[in-house]
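**Student:** You'll find data31.pdb just under this line, and it carries PDB, C-alpha atoms and all ligand atoms.
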```pdb
MODEL        1
ATOM      1  CA  MET B  28     -84.437  -5.477  41.322  1.00  0.00           C
ATOM      2  CA  LYS B  29     -86.758  -3.006  43.007  1.00  0.00           C
ATOM      3  CA  SER B  30     -90.470  -2.546  42.569  1.00  0.00           C
ATOM      4  CA  LYS B  31     -93.129   0.018  43.415  1.00  0.00           C
ATOM      5  CA  ILE B  32     -96.866  -0.205  43.923  1.00  0.00           C
ATOM      6  CA  CYS B  33     -99.026   1.335  41.219  1.00  0.00           C
ATOM      7  CA  ALA B  34    -101.046   4.201  42.740  1.00  0.00           C
ATOM      8  CA  LEU B  35    -104.189   3.148  40.887  1.00  0.00           C
ATOM      9  CA  CYS B  36    -104.399  -0.653  40.684  1.00  0.00           C
ATOM     10  CA  LYS B  37    -102.182  -1.257  43.774  1.00  0.00           C
ATOM     11  CA  THR B  38    -100.140  -4.009  42.165  1.00  0.00           C
ATOM     12  CA  GLU B  39     -96.352  -4.269  42.200  1.00  0.00           C
ATOM     13  CA  HIS B  40     -94.299  -3.403  39.107  1.00  0.00           C
ATOM     14  CA  THR B  41     -90.644  -2.936  38.218  1.00  0.00           C
ATOM     15  CA  THR B  42     -91.409  -0.232  35.646  1.00  0.00           C
ATOM     16  CA  LEU B  43     -93.731   2.645  36.463  1.00  0.00           C
ATOM     17  CA  TYR B  44     -94.641   5.924  34.818  1.00  0.00           C
ATOM     18  CA  ARG B  45     -94.675   9.229  36.655  1.00  0.00           C
ATOM     19  CA  ILE B  46     -97.850  10.995  35.657  1.00  0.00           C
ATOM     20  CA  GLN B  47    -100.464  13.555  36.677  1.00  0.00           C
ATOM     21  CA  ASN B  48    -104.134  12.725  36.208  1.00  0.00           C
ATOM     22  CA  GLN B  49    -105.674  15.778  37.851  1.00  0.00           C
ATOM     23  CA  PRO B  50    -104.972  19.519  37.939  1.00  0.00           C
ATOM     24  CA  GLY B  51    -102.300  20.630  40.395  1.00  0.00           C
ATOM     25  CA  LYS B  52     -98.813  19.474  41.247  1.00  0.00           C
ATOM     26  CA  ILE B  53     -99.485  15.943  42.445  1.00  0.00           C
ATOM     27  CA  TRP B  54     -97.443  13.287  40.686  1.00  0.00           C
ATOM     28  CA  ILE B  55     -98.234   9.595  40.999  1.00  0.00           C
ATOM     29  CA  PHE B  56     -96.487   6.437  39.850  1.00  0.00           C
ATOM     30  CA  VAL B  57     -98.625   4.067  37.802  1.00  0.00           C
ATOM     31  CA  CYS B  58     -98.094   0.880  35.808  1.00  0.00           C
ATOM     32  CA  GLU B  59     -98.221   0.689  32.034  1.00  0.00           C
ATOM     33  CA  LEU B  60    -101.866  -0.391  31.826  1.00  0.00           C
ATOM     34  CA  CYS B  61    -103.061   2.372  34.152  1.00  0.00           C
ATOM     35  CA  CYS B  62    -100.883   4.873  32.288  1.00  0.00           C
ATOM     36  CA  ILE B  63    -102.625   3.999  29.028  1.00  0.00           C
ATOM     37  CA  GLN B  64    -106.026   4.487  30.649  1.00  0.00           C
ATOM     38  CA  GLU B  65    -105.024   7.801  32.234  1.00  0.00           C
ATOM     39  CA  LYS B  66    -103.731   9.124  28.906  1.00  0.00           C
ATOM     40  CA  ALA B  67    -107.334   9.517  27.788  1.00  0.00           C
ATOM     41  CA  LYS B  68    -108.022  12.020  30.589  1.00  0.00           C
ATOM     42  CA  PRO B  69    -107.738  15.780  29.963  1.00  0.00           C
ATOM     43  CA  HIS B  70    -105.311  16.448  32.827  1.00  0.00           C
ATOM     44  CA  TYR B  71    -102.871  13.696  31.940  1.00  0.00           C
ATOM     45  CA  ARG B  72     -99.206  14.721  31.982  1.00  0.00           C
ATOM     46  CA  TYR B  73     -96.192  12.470  31.652  1.00  0.00           C
ATOM     47  CA  GLY B  74     -93.177  13.110  33.862  1.00  0.00           C
ATOM     48  CA  GLY B  75     -90.790  10.241  33.257  1.00  0.00           C
ATOM     49  CA  THR B  76     -90.291   6.542  33.620  1.00  0.00           C
ATOM     50  CA  TRP B  77     -89.056   4.774  36.765  1.00  0.00           C
ATOM     51  CA  LYS B  78     -87.241   1.472  36.430  1.00  0.00           C
ATOM     52  CA  GLY B  79     -86.369  -0.756  39.357  1.00  0.00           C
ATOM     53  CA  TYR B  80     -83.525  -2.426  37.504  1.00  0.00           C
ATOM     54  CA  ARG B  81     -80.419  -1.574  35.519  1.00  0.00           C
ATOM     55  CA  HIS B  82     -79.999  -2.406  31.858  1.00  0.00           C
TER      56      HIS B  82
HETATM   57 ZN    ZN B 101    -101.772   0.075  37.655  1.00  0.00          ZN
ENDMDL
END
```
Please lay out the structure from this file as C-alpha cells.
**Tutor:**
Amino acid sequence: MKSKICALCKTEHTTLYRIQNQPGKIWIFVCELCCIQEKAKPHYRYGGTWKGYRH
C-alpha cells in the first residue's frame, strides 16, 4: 500500500483527490476532508482520485 501527503494538511493518506483550488493549471493532491473544504471555493475543479492500493 502506498500513500501520499495531502498538499494542504500535510498528513499521509492512501486515497487522495486531484483538484485545483486556484486559477491556472496547478493540480494538487488533497485528502477527503480538505477536498470537501476546497469544494466551497470558486476555482475548485476535480481531476480524479488517486488510490495507493488495489481493490
Ligand atoms: Zn488534507
**Student:** Smallest atom-to-atom distance to ligand ZN 101 (chain B): which of B:Lys78, B:Lys29, B:Lys66, B:His40, using only C-alpha atoms and all ligand atoms?
**Tutor:**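 Closest residue, counting only C-alpha atoms and all ligand atoms: B:His40.
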**Student:** With distances taken over all atoms listed in the file, which residue among B:Met28, B:Leu43, B:Ile55, B:Cys61 lies nearest Thr76 (chain B)?
**Tutor:**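 Of B:Met28, B:Leu43, B:Ile55, B:Cys61, the one nearest Thr76 (chain B) is B:Leu43, counting all atoms listed in the file.
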**Student:** Expanded to explicit residues, what is the PyMOL selection byres (((not hetatm)) within 9 of (chain B and resi 101)) for this file, as a VMD selection string?
**Tutor:** chain B and resid 32 to 40 43 56 to 62
**Student:** Written as a PyMOL selection string, what is the full residue list that the PyMOL selection byres (((chain B and resi 79) around 8) and not hetatm) yields on the file shown?
**Tutor:** chain B and resi 28-31+41-42+77-78+80-81
**Student:** I need the residues from that last selection saved to file as a CSV table (one decimal), keeping the file's coordinate frame (with C-alpha atoms), if you can.
**Tutor:**
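Dumped everything to result-v4.csv:
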```csv
chain,number,residue,atom,x,y,z
B,28,MET,CA,-84.4,-5.5,41.3
B,29,LYS,CA,-86.8,-3.0,43.0
B,30,SER,CA,-90.5,-2.5,42.6
B,31,LYS,CA,-93.1,0.0,43.4
B,41,THR,CA,-90.6,-2.9,38.2
B,42,THR,CA,-91.4,-0.2,35.6
B,77,TRP,CA,-89.1,4.8,36.8
B,78,LYS,CA,-87.2,1.5,36.4
B,80,TYR,CA,-83.5,-2.4,37.5
B,81,ARG,CA,-80.4,-1.6,35.5
```
**Student:** So that I can check the surroundings of Ile46 (chain B), please list as a ChimeraX atom specification every protein, DNA and RNA residue that reaches within 6 Å of it, counting only C-alpha atoms and ignoring chain neighbours fewer than 2 positions away.
**Tutor:** /B:54-55,72-74
**Student:** Given the PyMOL selection byres (((chain B and resi 49-52) around 9) and not hetatm) and the file above, list the residues it selects as a list of chain:residue names.
**Tutor:**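 Applied to this file, the PyMOL selection byres (((chain B and resi 49-52) around 9) and not hetatm) selects B:Gln47, B:Asn48, B:Ile53, B:Trp54, B:Lys68, B:Pro69, B:His70, B:Tyr71, B:Arg72.
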**Student:** So for region 67-80 of chain B, what box centre and size do we get, axis-aligned, 3 Å extra on each of the six sides, every listed atom, Å to one decimal, as AutoDock Vina command-line options?
**Tutor:**
```
--center_x -95.8 --center_y 7.0 --center_z 33.6 --size_x 30.5 --size_y 24.9 --size_z 17.6
```
**Student:** Keeping N, CA and C atoms, write region 38-62 of chain B of the structure just shown out as an mmCIF file, in the first residue's frame.
**Tutor:**
```
data_model
loop_
_atom_site.group_PDB
_atom_site.id
_atom_site.type_symbol
_atom_site.label_atom_id
_atom_site.label_comp_id
_atom_site.auth_asym_id
_atom_site.auth_seq_id
_atom_site.Cartn_x
_atom_site.Cartn_y
_atom_site.Cartn_z
ATOM 1 N N THR B 38 -0.817 15.642 5.976
ATOM 2 C CA THR B 38 -0.867 14.324 6.598
ATOM 3 C C THR B 38 -0.942 13.257 5.511
ATOM 4 N N GLU B 39 -0.564 12.031 5.872
ATOM 5 C CA GLU B 39 -0.428 10.944 4.924
ATOM 6 C C GLU B 39 -1.771 10.237 4.719
ATOM 7 N N HIS B 40 -2.085 9.928 3.453
ATOM 8 C CA HIS B 40 -3.340 9.240 3.150
ATOM 9 C C HIS B 40 -3.121 8.250 2.023
ATOM 10 N N THR B 41 -3.959 7.211 1.992
ATOM 11 C CA THR B 41 -3.875 6.226 0.915
ATOM 12 C C THR B 41 -4.860 6.528 -0.213
ATOM 13 N N THR B 42 -5.772 7.457 0.020
ATOM 14 C CA THR B 42 -6.673 7.921 -1.038
ATOM 15 C C THR B 42 -6.622 9.439 -1.068
ATOM 16 N N LEU B 43 -6.304 9.985 -2.236
ATOM 17 C CA LEU B 43 -6.276 11.444 -2.365
ATOM 18 C C LEU B 43 -7.038 11.853 -3.606
ATOM 19 N N TYR B 44 -7.429 13.117 -3.645
ATOM 20 C CA TYR B 44 -8.203 13.661 -4.744
ATOM 21 C C TYR B 44 -7.377 14.714 -5.453
ATOM 22 N N ARG B 45 -7.337 14.598 -6.778
ATOM 23 C CA ARG B 45 -6.585 15.553 -7.590
ATOM 24 C C ARG B 45 -7.507 16.725 -7.871
ATOM 25 N N ILE B 46 -7.134 17.877 -7.378
ATOM 26 C CA ILE B 46 -8.010 19.040 -7.525
ATOM 27 C C ILE B 46 -7.228 20.304 -7.875
ATOM 28 N N GLN B 47 -7.961 21.329 -8.314
ATOM 29 C CA GLN B 47 -7.422 22.682 -8.432
ATOM 30 C C GLN B 47 -8.194 23.547 -7.460
ATOM 31 N N ASN B 48 -7.517 24.451 -6.784
ATOM 32 C CA ASN B 48 -8.215 25.366 -5.874
ATOM 33 C C ASN B 48 -7.866 26.817 -6.168
ATOM 34 N N GLN B 49 -7.250 27.037 -7.339
ATOM 35 C CA GLN B 49 -6.928 28.404 -7.747
ATOM 36 C C GLN B 49 -6.905 28.435 -9.269
ATOM 37 N N PRO B 50 -7.033 29.610 -9.880
ATOM 38 C CA PRO B 50 -6.998 29.673 -11.336
ATOM 39 C C PRO B 50 -5.634 29.244 -11.869
ATOM 40 N N GLY B 51 -5.616 28.677 -13.071
ATOM 41 C CA GLY B 51 -4.353 28.223 -13.639
ATOM 42 C C GLY B 51 -4.366 26.727 -13.861
ATOM 43 N N LYS B 52 -3.167 26.172 -14.045
ATOM 44 C CA LYS B 52 -3.078 24.754 -14.388
ATOM 45 C C LYS B 52 -2.397 23.929 -13.297
ATOM 46 N N ILE B 53 -2.412 24.428 -12.089
ATOM 47 C CA ILE B 53 -1.742 23.718 -10.997
ATOM 48 C C ILE B 53 -2.701 22.745 -10.332
ATOM 49 N N TRP B 54 -2.312 21.463 -10.377
ATOM 50 C CA TRP B 54 -3.116 20.432 -9.720
ATOM 51 C C TRP B 54 -2.425 20.013 -8.425
ATOM 52 N N ILE B 55 -3.216 19.784 -7.393
ATOM 53 C CA ILE B 55 -2.660 19.313 -6.129
ATOM 54 C C ILE B 55 -3.415 18.068 -5.684
ATOM 55 N N PHE B 56 -2.781 17.270 -4.857
ATOM 56 C CA PHE B 56 -3.428 16.104 -4.270
ATOM 57 C C PHE B 56 -3.802 16.414 -2.834
ATOM 58 N N VAL B 57 -5.081 16.237 -2.508
ATOM 59 C CA VAL B 57 -5.537 16.517 -1.145
ATOM 60 C C VAL B 57 -6.363 15.350 -0.612
ATOM 61 N N CYS B 58 -6.486 15.291 0.714
ATOM 62 C CA CYS B 58 -7.267 14.237 1.350
ATOM 63 C C CYS B 58 -8.762 14.566 1.257
ATOM 64 N N GLU B 59 -9.568 13.631 1.721
ATOM 65 C CA GLU B 59 -11.016 13.800 1.584
ATOM 66 C C GLU B 59 -11.527 15.032 2.333
ATOM 67 N N LEU B 60 -11.053 15.233 3.552
ATOM 68 C CA LEU B 60 -11.530 16.370 4.346
ATOM 69 C C LEU B 60 -11.171 17.702 3.687
ATOM 70 N N CYS B 61 -9.934 17.815 3.210
ATOM 71 C CA CYS B 61 -9.513 19.049 2.550
ATOM 72 C C CYS B 61 -10.275 19.234 1.243
ATOM 73 N N CYS B 62 -10.543 18.131 0.549
ATOM 74 C CA CYS B 62 -11.292 18.198 -0.703
ATOM 75 C C CYS B 62 -12.674 18.799 -0.458
#
```
